[in-house]
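Structure file structure_12.txt with compact mmCIF, C-alpha atoms:
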```txt
# COMPACT_ATOMS: atom_id res chain seq x y z
CA MET A 1 62.19 53.61 93.08
CA SER A 2 64.53 56.34 94.31
CA SER A 3 63.32 59.69 95.54
CA SER A 4 64.91 61.40 92.52
CA SER A 5 63.00 59.23 90.08
CA LEU A 6 59.88 59.84 92.12
CA ARG A 7 60.51 63.55 91.73
CA MET A 8 60.91 63.14 87.98
CA MET A 9 57.62 61.28 87.90
CA ALA A 10 56.12 64.09 89.94
CA VAL A 11 57.22 66.66 87.39
CA ALA A 12 55.76 64.59 84.56
CA VAL A 13 52.47 64.08 86.37
CA GLY A 14 52.49 67.70 87.47
CA LEU A 15 52.15 68.69 83.82
CA LEU A 16 48.85 66.83 83.78
CA ILE A 17 47.52 68.06 87.09
CA VAL A 18 45.13 70.94 86.59
CA SER A 19 43.60 71.31 89.98
CA ALA A 20 41.90 69.23 92.58
CA SER A 21 38.21 68.57 92.53
CA ALA A 22 36.59 69.92 95.67
CA SER A 23 34.86 66.64 96.28
CA ALA A 24 38.20 64.92 96.11
CA HIS A 25 37.14 61.67 94.47
CA HIS A 26 39.45 61.97 91.48
CA SER A 27 41.70 64.70 90.14
CA ALA A 28 40.89 67.04 87.28
CA ALA A 29 43.80 65.59 85.28
CA ILE A 30 41.38 63.38 83.35
CA PHE A 31 39.87 66.51 81.74
CA ASP A 32 41.37 68.55 78.92
CA PRO A 33 41.29 72.22 79.97
CA ASN A 34 41.84 73.21 76.34
CA LYS A 35 38.81 71.31 75.12
CA ARG A 36 35.69 73.15 76.20
CA VAL A 37 32.54 71.98 74.51
CA THR A 38 29.13 73.69 74.58
CA VAL A 39 26.14 71.62 73.54
CA THR A 40 22.37 71.97 73.79
CA GLY A 41 20.27 68.91 74.45
CA ILE A 42 17.37 67.31 76.22
CA VAL A 43 17.85 66.10 79.79
CA THR A 44 17.44 62.35 80.11
CA GLU A 45 18.55 62.06 83.76
CA TRP A 46 19.80 64.16 86.63
CA PHE A 47 21.62 61.72 88.91
CA TRP A 48 21.87 63.42 92.32
CA ALA A 49 24.33 61.11 94.01
CA ASN A 50 27.78 60.40 95.36
CA PRO A 51 30.57 60.43 94.49
CA HIS A 52 29.51 63.00 91.87
CA CYS A 53 26.19 64.14 90.43
CA LEU A 54 25.76 63.43 86.72
CA LEU A 55 23.66 65.25 84.12
CA SER A 56 22.81 63.13 81.06
CA LEU A 57 21.69 64.85 77.86
CA ASP A 58 20.60 63.67 74.44
CA VAL A 59 22.26 66.01 71.94
CA LYS A 60 21.19 65.93 68.30
CA GLY A 61 24.02 66.68 65.91
CA ALA A 62 23.87 68.38 62.52
CA ASP A 63 23.69 64.92 60.93
CA GLY A 64 20.57 64.12 62.94
CA GLN A 65 22.37 61.55 65.07
CA VAL A 66 21.77 61.72 68.81
CA VAL A 67 24.82 61.63 71.07
CA LYS A 68 24.41 61.01 74.79
CA TRP A 69 26.57 63.46 76.77
CA VAL A 70 27.23 62.94 80.47
CA ALA A 71 28.49 65.87 82.53
CA GLU A 72 29.92 65.46 85.98
CA THR A 73 29.51 67.89 88.85
CA GLN A 74 30.55 67.41 92.47
CA ALA A 75 28.92 65.53 95.33
CA PRO A 76 25.54 66.87 96.57
CA PRO A 77 26.92 68.49 99.77
CA ASN A 78 29.37 70.42 97.61
CA MET A 79 26.64 71.58 95.20
CA ILE A 80 23.95 72.64 97.65
CA PRO A 81 25.79 75.79 98.80
CA TYR A 82 25.83 76.98 95.19
CA GLY A 83 22.08 76.69 94.70
CA TRP A 84 21.89 73.20 93.17
CA SER A 85 19.41 70.57 94.31
CA ARG A 86 17.85 67.25 93.46
CA GLN A 87 15.25 69.29 91.52
CA SER A 88 17.71 71.32 89.43
CA PHE A 89 16.89 69.48 86.20
CA LYS A 90 13.90 67.53 84.96
CA ALA A 91 13.93 64.87 82.28
CA GLY A 92 12.65 66.24 78.99
CA GLU A 93 13.69 69.85 79.45
CA GLU A 94 16.22 71.64 77.27
CA VAL A 95 19.52 72.84 78.69
CA THR A 96 22.78 74.14 77.26
CA ILE A 97 25.94 72.97 79.00
CA THR A 98 29.60 73.84 78.78
CA VAL A 99 31.97 71.06 79.78
CA GLU A 100 35.67 70.39 79.89
CA GLN A 101 35.79 67.15 77.93
CA ALA A 102 37.62 64.06 79.18
CA ARG A 103 40.99 63.37 77.58
CA SER A 104 39.61 60.01 76.45
CA GLY A 105 37.60 61.88 73.82
CA LYS A 106 34.33 60.26 74.89
CA PRO A 107 31.27 62.54 75.20
CA VAL A 108 31.79 63.07 78.91
CA GLY A 109 33.25 65.98 80.83
CA ARG A 110 33.09 68.10 83.92
CA LEU A 111 30.29 70.62 83.97
CA LEU A 112 31.39 74.25 84.01
CA ARG A 113 28.04 75.86 83.29
CA ALA A 114 24.40 74.95 82.66
CA GLN A 115 21.97 77.41 81.13
CA PHE A 116 18.22 77.09 80.63
CA PRO A 117 16.35 78.64 77.68
CA ASP A 118 15.04 81.43 79.96
CA GLY A 119 18.60 82.47 80.81
CA ARG A 120 18.80 80.93 84.27
CA THR A 121 22.32 79.69 84.85
CA LEU A 122 23.83 77.26 87.32
CA LEU A 123 27.54 77.32 88.09
CA PRO A 124 29.47 74.77 90.17
CA GLY A 125 31.83 75.61 93.00
CA GLY A 126 35.38 74.50 93.65
CA SER A 127 37.92 74.23 90.87
CA ALA A 128 35.18 73.70 88.27
CA GLY A 129 33.63 76.94 89.49
CA ALA A 130 36.97 78.70 89.13
CA ALA A 131 37.30 77.32 85.61
CA ALA A 132 33.71 78.32 84.92
CA ALA A 133 34.38 81.87 86.05
CA GLY A 134 37.24 82.06 83.61
CA ALA A 135 35.02 80.57 80.91
CA GLN A 136 32.44 83.35 81.00
CA PRO A 137 31.91 85.05 77.64
CA MET B 1 26.40 90.72 109.56
CA ASN B 2 25.87 87.13 110.54
CA GLY B 3 26.60 84.07 108.41
CA ARG B 4 23.06 83.67 107.13
CA THR B 5 22.90 87.32 106.10
CA VAL B 6 26.21 86.98 104.26
CA ALA B 7 25.01 83.84 102.52
CA ALA B 8 21.71 85.45 101.55
CA ALA B 9 23.48 88.54 100.21
CA ALA B 10 25.92 86.40 98.24
CA ALA B 11 23.09 84.30 96.85
CA GLY B 12 21.29 87.46 95.83
CA MET B 13 24.34 88.76 94.01
CA VAL B 14 24.76 85.50 92.15
CA LEU B 15 21.11 85.57 91.14
CA LEU B 16 21.57 89.06 89.76
CA VAL B 17 24.57 87.95 87.75
CA CYS B 18 22.92 84.78 86.53
CA LEU B 19 19.72 86.53 85.50
CA ALA B 20 21.56 89.23 83.62
CA PRO B 21 24.21 87.40 81.63
CA GLY B 22 24.15 89.88 78.82
CA ARG B 23 24.96 93.03 80.75
CA ALA B 24 27.99 94.99 79.70
CA GLN B 25 31.07 94.12 81.70
CA GLN B 26 34.67 93.32 81.00
CA PRO B 27 35.08 89.52 80.89
CA GLN B 28 37.98 89.54 83.34
CA ALA B 29 36.17 91.71 85.88
CA GLN B 30 33.08 89.53 85.53
CA ALA B 31 35.16 86.41 86.03
CA GLN B 32 36.72 87.84 89.18
CA GLN B 33 33.33 88.91 90.51
CA LEU B 34 31.86 85.49 89.82
CA GLN B 35 34.77 83.83 91.57
CA GLN B 36 34.37 86.06 94.62
CA GLN B 37 30.69 85.26 94.76
CA GLN B 38 31.42 81.58 94.41
CA ASP B 39 33.89 81.84 97.30
CA GLN B 40 31.30 83.61 99.45
CA LEU B 41 28.81 80.86 98.76
CA ASN B 42 31.28 78.19 99.73
CA ARG B 43 29.87 77.57 103.18
CA GLN B 44 28.13 74.74 104.93
CA PRO B 45 24.47 75.80 105.01
CA GLY B 46 23.88 77.52 108.36
CA ALA B 47 27.55 77.52 109.36
CA VAL B 48 29.60 80.56 110.38
CA TYR B 49 33.27 81.26 109.73
CA ASP B 50 35.91 83.61 111.10
CA ALA B 51 35.36 85.98 108.17
CA ASP B 52 31.84 86.60 109.49
CA PHE B 53 33.27 87.98 112.74
CA ALA B 54 36.18 90.11 111.57
CA GLY B 55 37.45 92.32 114.38
CA LYS B 56 35.26 90.72 117.04
CA PRO B 57 37.34 89.07 119.77
CA SER B 58 36.30 85.72 121.21
CA GLY B 59 35.69 85.16 124.89
CA PRO B 60 37.97 83.12 127.14
CA ALA B 61 38.36 79.40 126.54
CA PRO B 62 36.26 77.19 128.80
CA ARG B 63 38.18 74.66 130.90
CA ARG B 64 38.42 71.03 129.86
CA THR B 65 35.75 70.81 127.21
CA LEU B 66 35.60 70.37 123.44
CA ALA B 67 31.85 69.71 123.32
CA GLY B 68 30.01 71.21 120.40
CA THR B 69 29.72 71.26 116.64
CA TRP B 70 32.83 72.41 114.81
CA GLU B 71 33.48 73.68 111.31
CA PHE B 72 36.79 74.70 109.77
CA ALA B 73 37.21 78.36 110.75
CA ALA B 74 38.71 79.60 107.49
CA GLY B 75 36.04 78.11 105.23
CA ARG B 76 34.08 75.05 104.31
CA ASN B 77 36.56 73.35 102.01
CA VAL B 78 39.70 74.12 103.99
CA ALA B 79 40.14 70.54 105.11
CA ILE B 80 39.23 68.71 101.90
CA GLN B 81 42.77 67.53 101.36
CA ALA B 82 42.33 66.44 97.77
CA THR B 83 45.99 66.00 96.87
CA GLY B 84 47.05 64.45 100.14
CA VAL B 85 47.38 65.49 103.75
CA MET B 86 47.32 69.22 104.32
CA ALA B 87 50.86 69.71 105.63
CA MET B 88 52.46 67.24 103.20
CA PRO B 89 50.53 67.19 99.91
CA SER B 90 51.71 64.83 97.19
CA ASP B 91 52.84 67.58 94.83
CA GLY B 92 56.41 66.56 94.01
CA LYS B 93 57.99 69.32 96.10
CA PRO B 94 61.06 67.97 97.94
CA GLU B 95 59.88 69.46 101.24
CA HIS B 96 56.71 67.36 100.97
CA GLU B 97 58.51 64.08 100.38
CA LEU B 98 57.49 61.79 103.24
CA PRO B 99 60.27 60.04 105.21
CA PHE B 100 59.52 56.58 103.84
CA THR B 101 61.37 53.49 104.97
CA PRO B 102 62.09 51.10 102.05
CA GLU B 103 59.06 49.04 103.12
CA GLY B 104 56.92 52.17 103.34
CA ARG B 105 57.99 53.34 99.87
CA ALA B 106 57.16 49.93 98.41
CA ALA B 107 53.71 50.11 100.01
CA PHE B 108 53.23 53.64 98.63
CA LEU B 109 54.16 52.55 95.10
CA ALA B 110 51.79 49.58 95.31
CA ASN B 111 48.91 51.96 95.89
CA LYS B 112 47.31 53.47 92.77
CA PRO B 113 45.65 56.72 93.84
CA THR B 114 43.70 59.18 91.68
CA PHE B 115 45.56 62.16 93.14
CA GLY B 116 49.18 63.11 93.64
CA VAL B 117 52.46 62.23 91.98
CA THR B 118 51.55 58.57 91.41
CA GLN B 119 47.98 59.17 90.24
CA VAL B 120 46.19 56.98 87.72
CA PRO B 121 42.78 57.44 86.02
CA SER B 122 39.90 56.58 88.32
CA ALA B 123 39.12 53.39 86.39
CA MET B 124 42.63 52.08 87.24
CA THR B 125 42.72 52.92 90.93
CA ASN B 126 42.98 50.48 93.84
CA ASP B 127 41.95 53.15 96.32
CA PRO B 128 39.58 51.44 98.77
CA MET B 129 37.54 54.63 99.26
CA PRO B 130 35.64 54.98 95.94
CA GLY B 131 34.22 51.48 96.35
CA CYS B 132 32.93 52.56 99.76
CA ASP B 133 35.29 50.42 101.82
CA PRO B 134 35.76 51.98 105.27
CA GLN B 135 37.93 55.07 105.23
CA GLY B 136 38.81 54.51 108.86
CA PHE B 137 40.85 56.81 111.02
CA PRO B 138 42.85 58.97 110.35
CA ARG B 139 41.77 59.21 106.69
CA ILE B 140 38.37 60.47 107.83
CA VAL B 141 40.15 63.70 108.81
CA LEU B 142 42.84 63.56 106.12
CA HIS B 143 40.58 63.53 103.08
CA ASN B 144 36.98 64.74 102.87
CA ALA B 145 36.88 66.44 106.27
CA HIS B 146 33.79 68.49 107.03
CA THR B 147 31.70 69.45 110.03
CA GLU B 148 32.38 67.46 113.21
CA GLN B 149 30.45 67.20 116.44
CA ILE B 150 32.08 66.27 119.74
CA LEU B 151 30.08 64.68 122.54
CA GLU B 152 31.54 64.16 126.00
CA THR B 153 30.58 61.63 128.63
CA PRO B 154 32.41 60.97 131.91
CA MET B 155 34.16 58.04 130.18
CA GLN B 156 34.42 59.02 126.51
CA MET B 157 35.04 61.74 123.98
CA ILE B 158 32.92 60.85 120.94
CA ILE B 159 33.49 62.50 117.56
CA LEU B 160 30.76 62.43 114.91
CA TYR B 161 31.96 62.86 111.32
CA GLN B 162 29.97 63.96 108.27
CA PHE B 163 31.46 61.67 105.64
CA ASN B 164 29.55 58.39 105.72
CA LYS B 165 28.02 59.38 109.08
CA LYS B 166 30.83 57.76 111.08
CA TRP B 167 31.81 58.21 114.68
CA ARG B 168 34.82 57.48 116.81
CA THR B 169 35.26 56.91 120.52
CA ILE B 170 38.25 58.25 122.44
CA TRP B 171 38.21 56.62 125.87
CA THR B 172 38.91 58.98 128.77
CA ASP B 173 38.34 56.44 131.55
CA GLY B 174 42.04 55.99 132.20
CA ARG B 175 42.57 52.78 130.24
CA ALA B 176 45.83 52.24 128.37
CA LEU B 177 46.31 51.73 124.65
CA PRO B 178 46.85 48.14 123.48
CA THR B 179 50.45 47.21 124.19
CA ASP B 180 50.84 45.15 121.02
CA PRO B 181 49.61 47.18 118.04
CA GLU B 182 50.02 44.14 115.77
CA ASN B 183 47.57 42.13 117.87
CA PRO B 184 45.65 44.87 119.62
CA GLY B 185 43.05 44.55 122.33
CA TRP B 186 42.05 46.39 125.47
CA ALA B 187 43.94 45.21 128.53
CA PRO B 188 41.58 44.14 131.32
CA THR B 189 41.82 46.60 134.17
CA ASP B 190 38.73 47.15 136.25
CA VAL B 191 36.56 46.29 133.23
CA PRO B 192 35.15 42.77 133.48
CA LEU B 193 36.96 40.58 130.97
CA LYS B 194 33.69 39.33 129.47
CA ASP B 195 32.84 42.92 128.42
CA LEU B 196 36.02 43.33 126.39
CA PRO B 197 36.02 42.63 122.64
CA PRO B 198 38.54 40.13 121.26
CA PRO B 199 41.91 41.49 120.11
CA GLU B 200 41.95 42.54 116.46
CA PRO B 201 43.17 45.40 114.29
CA ARG B 202 40.40 47.86 113.53
CA TRP B 203 39.48 50.23 110.70
CA TRP B 204 39.17 52.96 113.35
CA GLY B 205 41.88 51.75 115.72
CA TYR B 206 41.85 52.07 119.49
CA SER B 207 41.88 55.56 121.03
CA VAL B 208 42.49 56.95 124.49
CA GLY B 209 42.82 60.56 125.59
CA GLN B 210 43.38 62.87 128.50
CA TRP B 211 43.58 66.55 129.40
CA VAL B 212 47.25 67.40 129.88
CA ASP B 213 46.29 70.88 131.10
CA ASP B 214 42.99 72.78 131.37
CA TYR B 215 42.98 73.66 127.66
CA THR B 216 44.91 70.86 125.93
CA PHE B 217 43.46 67.43 125.18
CA VAL B 218 45.77 64.78 123.72
CA ALA B 219 44.48 61.57 122.14
CA GLU B 220 46.61 58.61 121.11
CA SER B 221 45.48 55.79 118.85
CA ASN B 222 46.91 52.49 117.59
CA GLY B 223 45.80 49.01 116.55
CA PHE B 224 44.90 49.89 112.97
CA ASP B 225 43.90 47.68 110.05
CA ASP B 226 46.46 48.42 107.35
CA ARG B 227 43.96 48.14 104.49
CA THR B 228 43.08 51.81 104.93
CA TRP B 229 45.11 54.58 103.30
CA LEU B 230 46.17 57.76 105.03
CA ASP B 231 45.04 60.05 102.26
CA ASN B 232 43.88 60.54 98.69
CA ALA B 233 47.43 60.38 97.38
CA GLY B 234 47.90 56.74 98.41
CA ARG B 235 50.11 57.31 101.42
CA PRO B 236 50.11 54.00 103.34
CA HIS B 237 50.32 53.04 106.98
CA SER B 238 51.25 49.78 108.63
CA THR B 239 49.64 48.02 111.58
CA ALA B 240 52.40 49.55 113.71
CA MET B 241 51.04 53.10 113.26
CA ARG B 242 50.38 55.29 116.25
CA VAL B 243 48.48 58.57 115.78
CA VAL B 244 48.72 61.49 118.19
CA GLU B 245 46.06 64.21 118.09
CA THR B 246 46.38 67.43 120.07
CA TYR B 247 43.32 69.63 120.60
CA ARG B 248 44.15 73.07 121.96
CA ARG B 249 41.16 75.12 123.11
CA VAL B 250 42.46 78.62 122.37
CA ASP B 251 39.32 80.65 123.18
CA ALA B 252 35.53 80.37 123.49
CA ASP B 253 35.03 79.91 119.73
CA HIS B 254 38.09 77.99 118.55
CA VAL B 255 40.04 74.80 118.89
CA GLU B 256 43.32 74.13 117.07
CA LYS B 257 44.07 70.56 116.03
CA THR B 258 47.38 68.90 115.24
CA LEU B 259 47.74 65.32 114.01
CA VAL B 260 51.02 63.41 113.96
CA ILE B 261 51.66 60.06 112.26
CA ASP B 262 54.19 57.81 114.02
CA ASP B 263 54.68 54.61 112.05
CA PRO B 264 58.22 53.24 112.51
CA LYS B 265 57.63 50.43 110.02
CA TYR B 266 56.76 52.75 107.10
CA TYR B 267 58.29 56.12 108.10
CA THR B 268 61.71 56.88 109.56
CA ARG B 269 60.36 59.57 111.89
CA PRO B 270 57.01 60.95 113.09
CA TRP B 271 55.51 63.64 110.82
CA ALA B 272 52.60 66.06 111.10
CA ALA B 273 49.70 65.65 108.67
CA PHE B 274 48.25 68.99 109.76
CA GLU B 275 49.27 71.47 112.40
CA ARG B 276 47.14 73.89 114.43
CA LEU B 277 44.20 73.44 112.08
CA ARG B 278 41.70 75.98 113.36
CA MET B 279 38.06 75.04 113.90
CA ARG B 280 35.19 77.32 114.88
CA LEU B 281 32.37 76.47 117.26
CA GLN B 282 28.96 76.46 115.57
CA SER B 283 25.39 76.96 116.69
CA PRO B 284 24.11 73.99 118.71
CA HIS B 285 21.24 73.89 116.20
CA LEU B 286 23.53 73.17 113.21
CA GLU B 287 22.89 69.72 111.80
CA ILE B 288 25.68 67.76 110.12
CA PRO B 289 24.65 67.18 106.47
CA GLU B 290 24.36 63.69 105.01
CA GLN B 291 27.13 62.47 102.71
CA GLU B 292 27.16 58.74 102.09
CA CYS B 293 29.30 56.56 99.87
CA VAL B 294 26.71 54.28 98.27
CA PRO B 295 28.01 51.21 96.37
CA SER B 296 25.09 51.13 93.90
CA GLU B 297 25.50 54.85 93.14
CA THR B 298 29.24 54.38 92.68
CA ALA B 299 28.68 51.50 90.25
CA LYS B 300 26.29 53.62 88.21
CA TYR B 301 28.70 56.55 88.29
CA ASN B 302 31.51 54.36 86.97
CA LYS B 303 29.37 52.96 84.19
CA LEU B 304 28.01 56.34 83.05
CA PHE B 305 31.07 58.45 83.59
CA GLY B 306 34.16 57.01 85.30
CA ASP B 307 34.89 54.35 82.71
CA PRO B 308 34.29 56.42 79.54
CA ALA B 309 36.23 59.32 81.06
CA ALA B 310 39.18 56.96 81.47
CA GLY B 311 38.72 55.44 78.03
CA VAL B 312 37.57 52.15 79.53
CA ASP B 313 34.27 51.01 78.05
CA ASP B 314 33.47 48.21 80.42
CA ARG B 315 35.31 46.69 83.32
CA GLY B 316 33.40 43.46 83.18
CA ARG B 317 30.31 44.86 84.79
```
In structure tokens, write the structure found in this file.
Amino acid sequence: MSSSSLRMMAVAVGLLIVSASASAHHSAAIFDPNKRVTVTGIVTEWFWANPHCLLSLDVKGADGQVVKWVAETQAPPNMIPYGWSRQSFKAGEEVTITVEQARSGKPVGRLLRAQFPDGRTLLPGGSAGAAAAGAQP
Amino acid sequence: MNGRTVAAAAAGMVLLVCLAPGRAQQPQAQAQQLQQQQDQLNRQPGAVYDADFAGKPSGPAPRRTLAGTWEFAAGRNVAIQATGVMAMPSDGKPEHELPFTPEGRAAFLANKPTFGVTQVPSAMTNDPMPGCDPQGFPRIVLHNAHTEQILETPMQMIILYQFNKKWRTIWTDGRALPTDPENPGWAPTDVPLKDLPPPEPRWWGYSVGQWVDDYTFVAESNGFDDRTWLDNAGRPHSTAMRVVETYRRVDADHVEKTLVIDDPKYYTRPWAAFERLRMRLQSPHLEIPEQECVPSETAKYNKLFGDPAAGVDDRGR
């Protein structure tokens, strides 16, 4: 492949690139910045692990069906400075999350904000934090 | 105000914002304030940065030592080179096009990274890193670079890295680099032959170093296993690669690092991956945090998130 065709590919891919995840495991291009979803559900698992922590929620829709949402954050060392910990969520508690959904359309996305019923809010750092700041009401 | 005070103040401000989400404020101003607070919080717990010491000059550089714990002076995430090496990110800009040989370009296009101009979804990648294969050197400092600690003995400079709790030895006992990087091994000098490991390429290569003046330490490395990548963007290296690191002790609190890739098989000329990257000396009490790539955690991550995010339901797991 010539360097000019590489550059053309770069322009095409550049349209997809949003920004780099601070934990640098994969780019944010898999998420749709125009598709922000806010759902309230019951925590089924808070997976505090590498390469990214995952928050799993059971979300009951208007039709009564439960959809399992999985929201990605960053790796633990990149969350700790922002006040997150292994104890941030407990199974069974209610939380409202805002995510940027994956382009695949599956109920997964990167977590921009998590809010508890008492108003406590957790925000991520890095590019998700920047997106979260812009997402404030 | 020291680093802990700054961190505590920033944490306090964030708490105020988070506990009072309904207060009247323009959305844009609130967004900017939140971003500033997020930036202030972006520090390794316990670490200090240049911004904490604005206007305070550092003392003179000590002679011939790099010992200590070091953090990137401008901020915690300065050296997380998500889209490729710091000086040459894979962003499609002509000035960042690496000087590939035809063989090097073919190797680059065979790699399927999750960042940069040739990126693919994470479920499609052949990046060795997410599966927890060794990152090796120099990717350990060209990807998820964090706090480092340098230990010195009369014979070695030893660098401890945060990511995957790895370390590297730079020999300072006067030995020479392997003469054949394709079949590398230490040449027997005054070291008894029975103490020398057999020749083989290594994930971390072979490294030697010396002080070229009282404040400049230069390390050279070769003998690399070519299964490692240089960076997140899939830049390759061959077994012929030589890496030159220059550590310049500029004052009591700082060292500036430069890293040059010299791989005549894959690149037509040597090129710098980062230049004069400034690091700040930390408290001797600062502990390097744990950050491990764990295969079982990665498998679970892929099943719960990586595969559905890429539209792949099951990769045969």
### Message
What's around Arg227 (chain B) at 10 Å? Count all atoms listed in the file, leave out sequence neighbours fewer than 5 positions away in its own chain, and write the answer as a PyMOL selection string.
### Response
chain B and resi 127-128+133-136+202-203+236-239
Convert the current residue selection to file output with C-alpha atoms, as a CSV table (one decimal), in the coordinates of the input.
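Written output follows (out-v7.csv):
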```csv
chain,number,residue,atom,x,y,z
B,127,ASP,CA,42.0,53.2,96.3
B,128,PRO,CA,39.6,51.4,98.8
B,133,ASP,CA,35.3,50.4,101.8
B,134,PRO,CA,35.8,52.0,105.3
B,135,GLN,CA,37.9,55.1,105.2
B,136,GLY,CA,38.8,54.5,108.9
B,202,ARG,CA,40.4,47.9,113.5
B,203,TRP,CA,39.5,50.2,110.7
B,236,PRO,CA,50.1,54.0,103.3
B,237,HIS,CA,50.3,53.0,107.0
B,238,SER,CA,51.2,49.8,108.6
B,239,THR,CA,49.6,48.0,111.6
```
### Nearest candidate to chain A (options B:Ala123, B:Met155, B:Val260, B:Ala87; using only C-alpha atoms)
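Closest to chain A, using only C-alpha atoms: B:Ala123.
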### Task
Go ahead and compute the interatomic distance for CA of Val312 (chain B) and CA of Pro107 (chain A), in Å to one decimal.
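Computing it gives 12.9 Å between the two atoms.
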Given the point (22.1, 65.6, 86.3) in the file's coordinates, find the residues that have an atom at most 12 Å from it, counting all atoms listed in the file, and give them as an mmCIF file with C-alpha atoms, keeping the file's coordinate frame.
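Result written to result-v2.cif:
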```
data_model
loop_
_atom_site.group_PDB
_atom_site.id
_atom_site.type_symbol
_atom_site.label_atom_id
_atom_site.label_comp_id
_atom_site.auth_asym_id
_atom_site.auth_seq_id
_atom_site.Cartn_x
_atom_site.Cartn_y
_atom_site.Cartn_z
ATOM 1 C CA ILE A 42 17.370 67.310 76.220
ATOM 2 C CA VAL A 43 17.850 66.100 79.790
ATOM 3 C CA THR A 44 17.440 62.350 80.110
ATOM 4 C CA GLU A 45 18.550 62.060 83.760
ATOM 5 C CA TRP A 46 19.800 64.160 86.630
ATOM 6 C CA PHE A 47 21.620 61.720 88.910
ATOM 7 C CA TRP A 48 21.870 63.420 92.320
ATOM 8 C CA ALA A 49 24.330 61.110 94.010
ATOM 9 C CA ASN A 50 27.780 60.400 95.360
ATOM 10 C CA HIS A 52 29.510 63.000 91.870
ATOM 11 C CA CYS A 53 26.190 64.140 90.430
ATOM 12 C CA LEU A 54 25.760 63.430 86.720
ATOM 13 C CA LEU A 55 23.660 65.250 84.120
ATOM 14 C CA SER A 56 22.810 63.130 81.060
ATOM 15 C CA LEU A 57 21.690 64.850 77.860
ATOM 16 C CA TRP A 69 26.570 63.460 76.770
ATOM 17 C CA VAL A 70 27.230 62.940 80.470
ATOM 18 C CA ALA A 71 28.490 65.870 82.530
ATOM 19 C CA GLU A 72 29.920 65.460 85.980
ATOM 20 C CA THR A 73 29.510 67.890 88.850
ATOM 21 C CA GLN A 74 30.550 67.410 92.470
ATOM 22 C CA ALA A 75 28.920 65.530 95.330
ATOM 23 C CA PRO A 76 25.540 66.870 96.570
ATOM 24 C CA MET A 79 26.640 71.580 95.200
ATOM 25 C CA TRP A 84 21.890 73.200 93.170
ATOM 26 C CA SER A 85 19.410 70.570 94.310
ATOM 27 C CA ARG A 86 17.850 67.250 93.460
ATOM 28 C CA GLN A 87 15.250 69.290 91.520
ATOM 29 C CA SER A 88 17.710 71.320 89.430
ATOM 30 C CA PHE A 89 16.890 69.480 86.200
ATOM 31 C CA LYS A 90 13.900 67.530 84.960
ATOM 32 C CA ALA A 91 13.930 64.870 82.280
ATOM 33 C CA GLY A 92 12.650 66.240 78.990
ATOM 34 C CA GLU A 93 13.690 69.850 79.450
ATOM 35 C CA VAL A 95 19.520 72.840 78.690
ATOM 36 C CA ILE A 97 25.940 72.970 79.000
ATOM 37 C CA ARG A 110 33.090 68.100 83.920
ATOM 38 C CA LEU A 111 30.290 70.620 83.970
ATOM 39 C CA ALA A 114 24.400 74.950 82.660
ATOM 40 C CA LEU A 122 23.830 77.260 87.320
ATOM 41 C CA TYR B 301 28.700 56.550 88.290
ATOM 42 C CA LEU B 304 28.010 56.340 83.050
ATOM 43 C CA PHE B 305 31.070 58.450 83.590
#
```
Might you pull out every residue within 8 Å of Gly105 (chain A), with only C-alpha atoms counted and same-chain residues fewer than 3 positions away left off, and present them as a PDB file with C-alpha atoms, in the coordinates of the input?
```
ATOM      1  CA  GLN A 101      35.790  67.150  77.930  1.00  0.00           C
ATOM      2  CA  ALA A 102      37.620  64.060  79.180  1.00  0.00           C
ATOM      3  CA  VAL A 108      31.790  63.070  78.910  1.00  0.00           C
TER       4      VAL A 108
ATOM      5  CA  ALA B 309      36.230  59.320  81.060  1.00  0.00           C
ATOM      6  CA  GLY B 311      38.720  55.440  78.030  1.00  0.00           C
TER       7      GLY B 311
END
```
### Message
Using all atoms listed in the file, can you tell me which of B:Gln291, B:Asn232, B:Ser221, B:Gln149 comes closest to Ala67 (chain B)?
### Response
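Distance minimum relative to Ala67 (chain B) lands on B:Gln149.
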### Message
Report, in Å to a single decimal, how far apart CA of Arg139 (chain B) and CA of Arg248 (chain B) are.
### Response
20.8 Å
File contents for region 109-114 of chain A with N, CA and C atoms as an mmCIF file, in the first residue's frame:
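Below is the file decode-v5.cif, written as the result:
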```cif
data_model
loop_
_atom_site.group_PDB
_atom_site.id
_atom_site.type_symbol
_atom_site.label_atom_id
_atom_site.label_comp_id
_atom_site.auth_asym_id
_atom_site.auth_seq_id
_atom_site.Cartn_x
_atom_site.Cartn_y
_atom_site.Cartn_z
ATOM 1 N N GLY A 109 -21.817 0.230 26.461
ATOM 2 C CA GLY A 109 -21.311 1.560 26.144
ATOM 3 C C GLY A 109 -20.277 1.988 27.143
ATOM 4 N N ARG A 110 -19.701 3.176 26.884
ATOM 5 C CA ARG A 110 -18.721 3.667 27.863
ATOM 6 C C ARG A 110 -19.424 4.604 28.824
ATOM 7 N N LEU A 111 -19.111 4.414 30.086
ATOM 8 C CA LEU A 111 -19.803 5.124 31.159
ATOM 9 C C LEU A 111 -19.344 6.577 31.212
ATOM 10 N N LEU A 112 -20.298 7.486 31.143
ATOM 11 C CA LEU A 112 -19.987 8.913 31.263
ATOM 12 C C LEU A 112 -20.358 9.439 32.645
ATOM 13 N N ARG A 113 -21.307 8.760 33.294
ATOM 14 C CA ARG A 113 -21.816 9.297 34.556
ATOM 15 C C ARG A 113 -22.593 8.197 35.258
ATOM 16 N N ALA A 114 -22.455 8.128 36.572
ATOM 17 C CA ALA A 114 -23.272 7.210 37.383
ATOM 18 C C ALA A 114 -23.824 7.993 38.558
#
```
